>>> print(open('my_file.pdb').read())   # PDB, C-alpha atoms and all ligand atoms
MODEL        1
ATOM      1  CA  MET P  13      18.638  11.411  -4.081
ATOM      2  CA  GLU P  14      20.170  13.221  -6.989
ATOM      3  CA  ILE P  15      17.540  14.438  -9.448
ATOM      4  CA  ILE P  16      18.938  15.352 -12.849
ATOM      5  CA  ILE P  17      16.686  16.904 -15.492
ATOM      6  CA  LEU P  18      18.129  16.866 -19.006
ATOM      7  CA  PRO P  19      16.560  18.189 -22.225
ATOM      8  CA  SER P  20      15.866  14.766 -23.748
ATOM      9  CA  ALA P  21      15.716  11.035 -23.063
ATOM     10  CA  GLN P  22      18.646  10.623 -25.421
ATOM     11  CA  GLU P  23      20.852  12.951 -23.367
ATOM     12  CA  ALA P  24      19.774  11.343 -20.107
ATOM     13  CA  CYS P  25      20.601   7.866 -21.450
ATOM     14  CA  ILE P  26      24.008   9.039 -22.681
ATOM     15  CA  TYR P  27      24.645  10.459 -19.207
ATOM     16  CA  ALA P  28      23.690   7.118 -17.611
ATOM     17  CA  ALA P  29      25.836   5.154 -20.066
ATOM     18  CA  ARG P  30      28.803   7.397 -19.346
ATOM     19  CA  ALA P  31      28.366   6.819 -15.613
ATOM     20  CA  VAL P  32      28.240   3.040 -16.142
ATOM     21  CA  ALA P  33      31.169   3.081 -18.591
ATOM     22  CA  GLY P  34      33.172   5.084 -16.040
ATOM     23  CA  LEU P  35      32.437   2.434 -13.419
ATOM     24  CA  ILE P  36      33.505  -0.379 -15.781
ATOM     25  CA  THR P  37      36.736   1.459 -16.566
ATOM     26  CA  ARG P  38      37.497   1.878 -12.851
ATOM     27  CA  LYS P  39      36.283  -1.626 -11.966
ATOM     28  CA  PRO P  40      36.376  -3.999 -14.984
ATOM     29  CA  THR P  41      34.655  -6.736 -12.916
ATOM     30  CA  ALA P  42      31.653  -4.485 -12.201
ATOM     31  CA  VAL P  43      28.288  -6.146 -11.554
ATOM     32  CA  LEU P  44      25.463  -4.425 -13.423
ATOM     33  CA  GLY P  45      21.757  -4.698 -12.644
ATOM     34  CA  LEU P  46      19.802  -4.240 -15.861
ATOM     35  CA  ALA P  47      16.261  -3.319 -16.890
ATOM     36  CA  THR P  48      14.245  -3.925 -20.042
ATOM     37  CA  GLY P  49      11.336  -1.955 -21.576
ATOM     38  CA  SER P  50      11.373   0.981 -23.958
ATOM     39  CA  THR P  51      12.994   3.441 -21.537
ATOM     40  CA  PRO P  52      16.593   2.103 -21.427
ATOM     41  CA  LEU P  53      16.959   1.401 -25.170
ATOM     42  CA  PRO P  54      19.081   4.524 -25.893
ATOM     43  CA  PHE P  55      21.185   3.631 -22.825
ATOM     44  CA  TYR P  56      22.040   0.251 -24.377
ATOM     45  CA  HIS P  57      22.663   1.852 -27.774
ATOM     46  CA  GLU P  58      25.173   4.215 -26.208
ATOM     47  CA  LEU P  59      27.028   1.447 -24.333
ATOM     48  CA  VAL P  60      27.186  -0.566 -27.566
ATOM     49  CA  ARG P  61      28.516   2.514 -29.387
ATOM     50  CA  GLN P  62      31.185   3.008 -26.724
ATOM     51  CA  HIS P  63      32.143  -0.659 -26.993
ATOM     52  CA  ARG P  64      32.425  -0.487 -30.795
ATOM     53  CA  GLU P  65      33.900   2.960 -31.246
ATOM     54  CA  GLU P  66      35.786   3.664 -28.045
ATOM     55  CA  GLY P  67      36.931   0.186 -27.079
ATOM     56  CA  LEU P  68      34.846  -0.095 -23.896
ATOM     57  CA  ASP P  69      35.690  -3.610 -22.686
ATOM     58  CA  LEU P  70      32.863  -5.473 -20.941
ATOM     59  CA  GLY P  71      34.647  -8.826 -20.946
ATOM     60  CA  GLN P  72      34.782  -9.119 -17.147
ATOM     61  CA  VAL P  73      31.382  -7.576 -16.388
ATOM     62  CA  THR P  74      28.594  -9.636 -14.798
ATOM     63  CA  THR P  75      24.931  -8.708 -15.271
ATOM     64  CA  PHE P  76      21.679  -9.477 -13.478
ATOM     65  CA  ASN P  77      18.357  -8.502 -15.010
ATOM     66  CA  LEU P  78      15.493  -7.350 -12.854
ATOM     67  CA  ASP P  79      12.749  -9.575 -14.144
ATOM     68  CA  GLU P  80      11.267 -12.066 -16.591
ATOM     69  CA  TYR P  81       7.774 -13.277 -17.495
ATOM     70  CA  VAL P  82       6.727 -16.619 -16.058
ATOM     71  CA  GLY P  83       6.042 -19.137 -18.820
ATOM     72  CA  LEU P  84       7.937 -17.422 -21.643
ATOM     73  CA  ALA P  85      10.804 -19.339 -23.207
ATOM     74  CA  PRO P  86      14.054 -17.391 -23.722
ATOM     75  CA  GLU P  87      13.410 -17.535 -27.495
ATOM     76  CA  HIS P  88       9.975 -15.862 -27.213
ATOM     77  CA  PRO P  89      10.242 -12.438 -28.908
ATOM     78  CA  ALA P  90       8.608 -10.693 -25.924
ATOM     79  CA  SER P  91      10.754 -12.437 -23.290
ATOM     80  CA  TYR P  92      13.324 -10.358 -21.476
ATOM     81  CA  HIS P  93      15.994 -12.926 -22.363
ATOM     82  CA  HIS P  94      15.263 -12.130 -26.011
ATOM     83  CA  PHE P  95      15.149  -8.367 -25.381
ATOM     84  CA  MET P  96      18.558  -8.415 -23.717
ATOM     85  CA  ARG P  97      20.122 -10.597 -26.408
ATOM     86  CA  GLU P  98      18.770  -8.429 -29.222
ATOM     87  CA  ASN P  99      19.509  -5.035 -27.696
ATOM     88  CA  PHE P 100      22.680  -5.600 -25.727
ATOM     89  CA  PHE P 101      24.261  -8.981 -25.071
ATOM     90  CA  SER P 102      24.776  -9.912 -28.735
ATOM     91  CA  LYS P 103      26.407  -6.527 -29.406
ATOM     92  CA  VAL P 104      29.019  -6.377 -26.654
ATOM     93  CA  ASN P 105      31.662  -8.775 -25.339
ATOM     94  CA  ILE P 106      30.105  -9.964 -22.068
ATOM     95  CA  PRO P 107      30.485 -13.777 -22.007
ATOM     96  CA  ALA P 108      27.027 -15.393 -21.949
ATOM     97  CA  SER P 109      27.995 -17.240 -18.750
ATOM     98  CA  GLN P 110      28.271 -13.867 -16.987
ATOM     99  CA  THR P 111      24.757 -12.705 -17.932
ATOM    100  CA  ASN P 112      21.822 -13.582 -15.693
ATOM    101  CA  VAL P 113      18.100 -13.184 -16.384
ATOM    102  CA  PRO P 114      15.539 -14.881 -14.118
ATOM    103  CA  ASP P 115      14.370 -18.206 -15.513
ATOM    104  CA  GLY P 116      10.706 -17.842 -16.416
ATOM    105  CA  LEU P 117      10.406 -21.546 -17.150
ATOM    106  CA  GLY P 118      11.712 -22.859 -13.819
ATOM    107  CA  THR P 119       9.400 -25.558 -12.449
ATOM    108  CA  ASP P 120      10.266 -24.729  -8.826
ATOM    109  CA  ILE P 121       9.795 -20.951  -8.792
ATOM    110  CA  PRO P 122      10.717 -20.340  -5.123
ATOM    111  CA  ALA P 123      13.951 -22.307  -5.619
ATOM    112  CA  THR P 124      14.694 -20.382  -8.837
ATOM    113  CA  CYS P 125      14.223 -17.090  -6.976
ATOM    114  CA  GLN P 126      16.366 -18.155  -4.035
ATOM    115  CA  ALA P 127      19.130 -19.260  -6.406
ATOM    116  CA  TYR P 128      18.967 -15.868  -8.174
ATOM    117  CA  GLU P 129      19.456 -14.062  -4.860
ATOM    118  CA  ALA P 130      22.351 -16.404  -4.011
ATOM    119  CA  ASP P 131      23.960 -15.730  -7.393
ATOM    120  CA  ILE P 132      23.750 -11.956  -6.855
ATOM    121  CA  ALA P 133      25.338 -12.341  -3.421
ATOM    122  CA  GLY P 134      27.954 -14.722  -4.852
ATOM    123  CA  ALA P 135      28.919 -12.095  -7.438
ATOM    124  CA  GLY P 136      29.559  -9.648  -4.601
ATOM    125  CA  GLY P 137      26.318  -7.673  -4.996
ATOM    126  CA  ILE P 138      25.233  -5.253  -7.681
ATOM    127  CA  ASP P 139      27.399  -2.168  -8.194
ATOM    128  CA  VAL P 140      24.926  -0.187 -10.269
ATOM    129  CA  GLN P 141      21.281  -0.953 -10.940
ATOM    130  CA  ILE P 142      19.466   0.534 -13.945
ATOM    131  CA  LEU P 143      15.744   1.010 -13.338
ATOM    132  CA  GLY P 144      12.750   2.212 -15.317
ATOM    133  CA  ILE P 145       9.500   3.086 -13.582
ATOM    134  CA  GLY P 146       5.944   2.024 -14.288
ATOM    135  CA  GLY P 147       3.146   4.568 -14.574
ATOM    136  CA  ASP P 148       1.955   3.206 -11.210
ATOM    137  CA  GLY P 149       5.380   3.670  -9.583
ATOM    138  CA  HIS P 150       6.561   0.077  -9.913
ATOM    139  CA  ILE P 151      10.277  -0.744 -10.059
ATOM    140  CA  GLY P 152      11.257  -4.114 -11.437
ATOM    141  CA  PHE P 153       7.814  -5.678 -11.412
ATOM    142  CA  ASN P 154       7.162  -4.728  -7.812
ATOM    143  CA  GLU P 155       3.629  -3.439  -8.218
ATOM    144  CA  PRO P 156       1.936  -1.134  -5.685
ATOM    145  CA  SER P 157       1.549  -2.844  -2.278
ATOM    146  CA  SER P 158       4.764  -4.861  -2.784
ATOM    147  CA  SER P 159       6.658  -5.294   0.453
ATOM    148  CA  LEU P 160       9.428  -2.730   0.633
ATOM    149  CA  ALA P 161      11.606  -5.514   2.092
ATOM    150  CA  SER P 162      10.753  -8.073  -0.619
ATOM    151  CA  ARG P 163      13.277 -10.356  -2.292
ATOM    152  CA  THR P 164      13.248 -12.027  -5.720
ATOM    153  CA  ARG P 165       9.893 -13.779  -6.082
ATOM    154  CA  ILE P 166       6.841 -14.307  -8.252
ATOM    155  CA  LYS P 167       4.471 -11.351  -8.682
ATOM    156  CA  THR P 168       1.134 -10.879 -10.407
ATOM    157  CA  LEU P 169       1.047  -7.972 -12.851
ATOM    158  CA  THR P 170      -1.692  -5.374 -12.553
ATOM    159  CA  GLN P 171      -4.045  -5.090 -15.491
ATOM    160  CA  ARG P 172      -2.547  -1.649 -16.226
ATOM    161  CA  THR P 173       0.986  -3.044 -16.506
ATOM    162  CA  ARG P 174      -0.266  -5.873 -18.741
ATOM    163  CA  GLU P 175      -1.875  -3.266 -20.994
ATOM    164  CA  ASP P 176       1.274  -1.090 -20.978
ATOM    165  CA  ASN P 177       3.355  -4.090 -22.050
ATOM    166  CA  ALA P 178       0.864  -5.438 -24.611
ATOM    167  CA  PRO P 179       2.577  -3.676 -27.573
ATOM    168  CA  PHE P 180       5.526  -6.062 -27.166
ATOM    169  CA  PHE P 181       3.210  -9.051 -27.843
ATOM    170  CA  SER P 182       1.448  -9.978 -31.073
ATOM    171  CA  ASN P 183      -1.792 -10.445 -29.114
ATOM    172  CA  PRO P 184      -2.594  -8.502 -25.874
ATOM    173  CA  GLN P 185      -4.166 -11.658 -24.386
ATOM    174  CA  GLU P 186      -0.740 -13.278 -24.525
ATOM    175  CA  VAL P 187       0.807 -10.975 -21.871
ATOM    176  CA  PRO P 188       1.521 -13.313 -18.945
ATOM    177  CA  HIS P 189      -0.116 -12.604 -15.596
ATOM    178  CA  HIS P 190       2.954 -13.611 -13.633
ATOM    179  CA  VAL P 191       6.572 -12.528 -13.524
ATOM    180  CA  ILE P 192       9.690 -13.211 -11.507
ATOM    181  CA  THR P 193      11.192  -9.973 -10.226
ATOM    182  CA  MET P 194      13.989  -8.885  -7.945
ATOM    183  CA  GLY P 195      12.371  -7.582  -4.783
ATOM    184  CA  VAL P 196      12.366  -4.020  -3.534
ATOM    185  CA  GLY P 197      14.739  -5.150  -0.771
ATOM    186  CA  THR P 198      17.040  -6.690  -3.396
ATOM    187  CA  ILE P 199      17.086  -3.394  -5.322
ATOM    188  CA  MET P 200      17.729  -1.409  -2.132
ATOM    189  CA  GLU P 201      20.914  -3.418  -1.496
ATOM    190  CA  THR P 202      22.516  -2.352  -4.776
ATOM    191  CA  ARG P 203      25.316   0.158  -4.328
ATOM    192  CA  HIS P 204      24.025   2.735  -6.821
ATOM    193  CA  VAL P 205      20.643   3.033  -8.514
ATOM    194  CA  ILE P 206      20.118   4.957 -11.747
ATOM    195  CA  LEU P 207      16.406   5.362 -12.455
ATOM    196  CA  LEU P 208      15.470   6.509 -15.963
ATOM    197  CA  ALA P 209      12.017   7.990 -16.592
ATOM    198  CA  PHE P 210      10.912   9.846 -19.711
ATOM    199  CA  GLY P 211       7.771  11.493 -21.016
ATOM    200  CA  GLU P 212       4.731  13.052 -19.417
ATOM    201  CA  LYS P 213       3.096   9.683 -18.856
ATOM    202  CA  LYS P 214       5.689   9.043 -16.140
ATOM    203  CA  ALA P 215       5.402  12.528 -14.549
ATOM    204  CA  GLN P 216       2.888  11.590 -11.858
ATOM    205  CA  ALA P 217       4.796   8.468 -10.775
ATOM    206  CA  VAL P 218       8.049  10.453 -10.693
ATOM    207  CA  ALA P 219       6.543  13.274  -8.608
ATOM    208  CA  GLU P 220       5.046  10.798  -6.122
ATOM    209  CA  SER P 221       8.301   8.833  -5.914
ATOM    210  CA  VAL P 222      10.594  11.811  -5.452
ATOM    211  CA  GLU P 223       8.473  14.305  -3.520
ATOM    212  CA  GLY P 224       5.715  12.177  -2.011
ATOM    213  CA  PRO P 225       5.698  10.060   1.131
ATOM    214  CA  ILE P 226       7.527   6.727   1.175
ATOM    215  CA  THR P 227       4.834   4.140   0.665
ATOM    216  CA  ALA P 228       4.446   0.621  -0.681
ATOM    217  CA  MET P 229       1.655   2.060  -2.841
ATOM    218  CA  VAL P 230       4.400   3.787  -4.872
ATOM    219  CA  PRO P 231       7.277   1.288  -4.706
ATOM    220  CA  ALA P 232       9.814   3.683  -6.299
ATOM    221  CA  SER P 233       9.301   6.101  -3.380
ATOM    222  CA  VAL P 234      11.486   3.804  -1.237
ATOM    223  CA  LEU P 235      14.453   5.022  -3.282
ATOM    224  CA  GLN P 236      14.347   8.081  -1.018
ATOM    225  CA  LEU P 237      16.031   5.737   1.483
ATOM    226  CA  HIS P 238      18.624   4.427  -0.981
ATOM    227  CA  ARG P 239      22.207   5.432  -0.204
ATOM    228  CA  GLN P 240      22.922   6.554  -3.791
ATOM    229  CA  ALA P 241      19.977   7.030  -6.116
ATOM    230  CA  THR P 242      20.323   9.061  -9.313
ATOM    231  CA  ILE P 243      17.005   9.952 -10.952
ATOM    232  CA  LEU P 244      17.510  10.890 -14.607
ATOM    233  CA  LEU P 245      14.557  12.702 -16.174
ATOM    234  CA  ASP P 246      13.590  14.603 -19.295
ATOM    235  CA  GLU P 247      11.375  17.698 -19.304
ATOM    236  CA  GLY P 248       8.175  15.632 -19.671
ATOM    237  CA  SER P 249       8.759  13.285 -16.746
ATOM    238  CA  ALA P 250       9.952  16.209 -14.582
ATOM    239  CA  SER P 251       6.901  18.330 -15.389
ATOM    240  CA  LYS P 252       5.063  17.625 -12.122
ATOM    241  CA  LEU P 253       7.996  18.171  -9.753
ATOM    242  CA  LYS P 254       7.424  21.092  -7.389
ATOM    243  CA  ARG P 255      11.132  21.694  -6.785
ATOM    244  CA  ALA P 256      12.392  21.237 -10.351
ATOM    245  CA  GLU P 257      14.178  24.590 -10.340
ATOM    246  CA  TYR P 258      16.089  23.618  -7.228
ATOM    247  CA  TYR P 259      17.198  20.273  -8.776
ATOM    248  CA  ARG P 260      18.394  22.098 -11.898
ATOM    249  CA  TRP P 261      20.297  24.595  -9.771
ATOM    250  CA  VAL P 262      21.991  21.828  -7.793
ATOM    251  CA  PHE P 263      23.028  20.062 -11.018
ATOM    252  CA  GLU P 264      24.371  23.263 -12.603
ATOM    253  CA  ASN P 265      26.434  23.965  -9.501
ATOM    254  CA  LYS P 266      27.736  20.451  -9.004
ATOM    255  CA  PRO P 267      31.438  20.498  -8.060
ATOM    256  CA  ALA P 268      33.686  19.505 -10.981
ATOM    257  CA  TRP P 269      35.010  16.442  -9.112
ATOM    258  CA  GLN P 270      31.488  15.051  -8.722
ATOM    259  CA  ARG P 271      30.594  15.284 -12.415
ATOM    260  CA  VAL P 272      30.287  12.249 -14.673
TER     261      VAL P 272
HETATM  262  C1  LIG C 301      11.644  -3.787 -16.876
HETATM  263  C2  LIG C 301      11.088  -3.345 -15.592
HETATM  264  C3  LIG C 301       9.958  -2.405 -15.506
HETATM  265  C4  LIG C 301      10.036  -1.258 -16.515
HETATM  266  C5  LIG C 301       8.804  -0.353 -16.391
HETATM  267  C6  LIG C 301       8.822   0.752 -17.411
HETATM  268  O1  LIG C 301      12.711  -4.687 -16.694
HETATM  269  O2  LIG C 301      11.561  -3.803 -14.606
HETATM  270  O3  LIG C 301       9.920  -1.858 -14.204
HETATM  271  O4  LIG C 301      11.197  -0.527 -16.284
HETATM  272  O5  LIG C 301       7.649  -1.121 -16.547
HETATM  273  O6  LIG C 301       8.706   0.207 -18.689
HETATM  274  P1  LIG C 301       8.951   1.113 -19.982
HETATM  275  O7  LIG C 301      10.382   1.484 -19.973
HETATM  276  O8  LIG C 301       8.632   0.204 -21.142
HETATM  277  O9  LIG C 301       8.044   2.283 -19.861
ENDMDL
END
>>> encode(input="my_file.pdb", output="structure tokens", more="lines below")
Ligand code: F6R
Amino acid sequence: MEIIILPSAQEACIYAARAVAGLITRKPTAVLGLATGSTPLPFYHELVRQHREEGLDLGQVTTFNLDEYVGLAPEHPASYHHFMRENFFSKVNIPASQTNVPDGLGTDIPATCQAYEADIAGAGGIDVQILGIGGDGHIGFNEPSSSLASRTRIKTLTQRTREDNAPFFSNPQEVPHHVITMGVGTIMETRHVILLAFGEKKAQAVAESVEGPITAMVPASVLQLHRQATILLDEGSASKLKRAEYYRWVFENKPAWQRV
């Protein structure tokens, strides 16, 4: 794991966007795994800026989002289809046919999930996966106790996650109980993971994921077994790490050829 602590969420998101833009420049057909929520917003803003101001071409990129609420139509303002359209897809040049978000309205959910897995495999797998983290250590919507080998499937949100996500809905009662999410096993197969976590409210989950034991009770802790996981933090989310000084030292002394 590479743990990078930067002064602010903004700087961390710019770092992540530069890493992803570098990948797209090297491999224009890159397959991106994308996350929603408040955490990655500055990441999307920076990619949009690079597209508009620096000519970053996303025309051959394919994307797969982590998750979607069951029962929400793509037009619903709190759906992840809507989030992605508003914050990213409508502002860059990825053809709509190359963007994938799980279908929350599918009548045969197991078949929908299986098809999503097949589509990821058909695209050649995900080159880089952007992740946020829940206060309980979830990645995607793999809540504590999720199988660490799980694939795309339906999950039931914890009450805490429903409350955390309530601000995106006009009425907290409206937050669906069910979601479709890539599994932990699906995420582990991606070639590079960039996890973004900001603010003190994520500090405990980050400390348990990075320095605690690997356990299904903290799904993000399995990233310790990922072949290339970059954990991008700000001072708040890093505040409970015991070895923060060591991670800073490693980053400061990173060889020039390894830098983004
Ligand atoms: C979103 C997702 C979730 C969020 C997590 C953090 O697609 O998969 O795991 O990343 O719930 O959400 P925020 O960023 O709103 O704190």
>>> resolve_selection(input="my_file.pdb", expression="the PyMOL selection byres (((chain P and resi 130-141) around 6) and not hetatm)", output="compact mmCIF listing (two decimals) with C-alpha atoms, keeping the file's coordinate frame")
# COMPACT_ATOMS: atom_id res chain seq x y z
CA VAL P 43 28.29 -6.15 -11.55
CA LEU P 44 25.46 -4.42 -13.42
CA GLY P 45 21.76 -4.70 -12.64
CA ALA P 127 19.13 -19.26 -6.41
CA TYR P 128 18.97 -15.87 -8.17
CA GLU P 129 19.46 -14.06 -4.86
CA ILE P 142 19.47 0.53 -13.94
CA THR P 202 22.52 -2.35 -4.78
CA ARG P 203 25.32 0.16 -4.33
CA HIS P 204 24.02 2.74 -6.82
CA VAL P 205 20.64 3.03 -8.51
>>> residues_near_ligand(input="my_file.pdb", ligand="ligand LIG 301 (chain C)", cutoff="8 Å", atoms="all atoms listed in the file", output="ChimeraX atom specification")
/P:46-52,77-80,92,143-147,150-154,173,176-177,193,209
>>> atom_distance(input="my_file.pdb", atom1="atom CA of Ala256 of chain P", atom2="atom CA of Leu18 of chain P")
11.3 Å
>>> closest_residue(input="my_file.pdb", among="P:Ala241, P:Ala228, P:Ala219, P:Ala29", to="Glu201 of chain P", atoms="only C-alpha atoms")
P:Ala241
>>> residues_around(input="my_file.pdb", residues="segment 258-262 of chain P", least_positions_apart="3", cutoff="6 Å", atoms="all atoms listed in the file", output="list in words")
Ile15, Arg255 and Asn265 of chain P
>>> residues_around(input="my_file.pdb", residues="Phe100 of chain P", least_positions_apart="5", cutoff="8 Å", atoms="only C-alpha atoms", output="MDAnalysis selection string")
chainID P and resid 56:57 60
>>> resolve_selection(input="my_file.pdb", expression="the PyMOL selection byres (((chain P and resi 17) around 10) and not hetatm)", output="PyMOL selection string")
chain P and resi 14-16+18-21+23-24+243-251+256-257+259-260+263
>>> atom_distance(input="my_file.pdb", atom1="atom CA of Gln236 of chain P", atom2="atom CA of Pro40 of chain P")
28.7 Å
>>> resolve_selection(input="my_file.pdb", expression="the PyMOL selection byres (((chain P and resi 84) around 10) and not hetatm)", output="list in words")
Glu80, Tyr81, Val82, Gly83, Ala85, Pro86, Glu87, His88, Pro89, Ala90, Ser91, Tyr92, His93, Asp115, Gly116, Leu117, Val187, Pro188 and Val191 of chain P
>>> atom_distance(input="my_file.pdb", atom1="atom CA of Gln72 of chain P", atom2="atom CA of Val196 of chain P")
26.7 Å
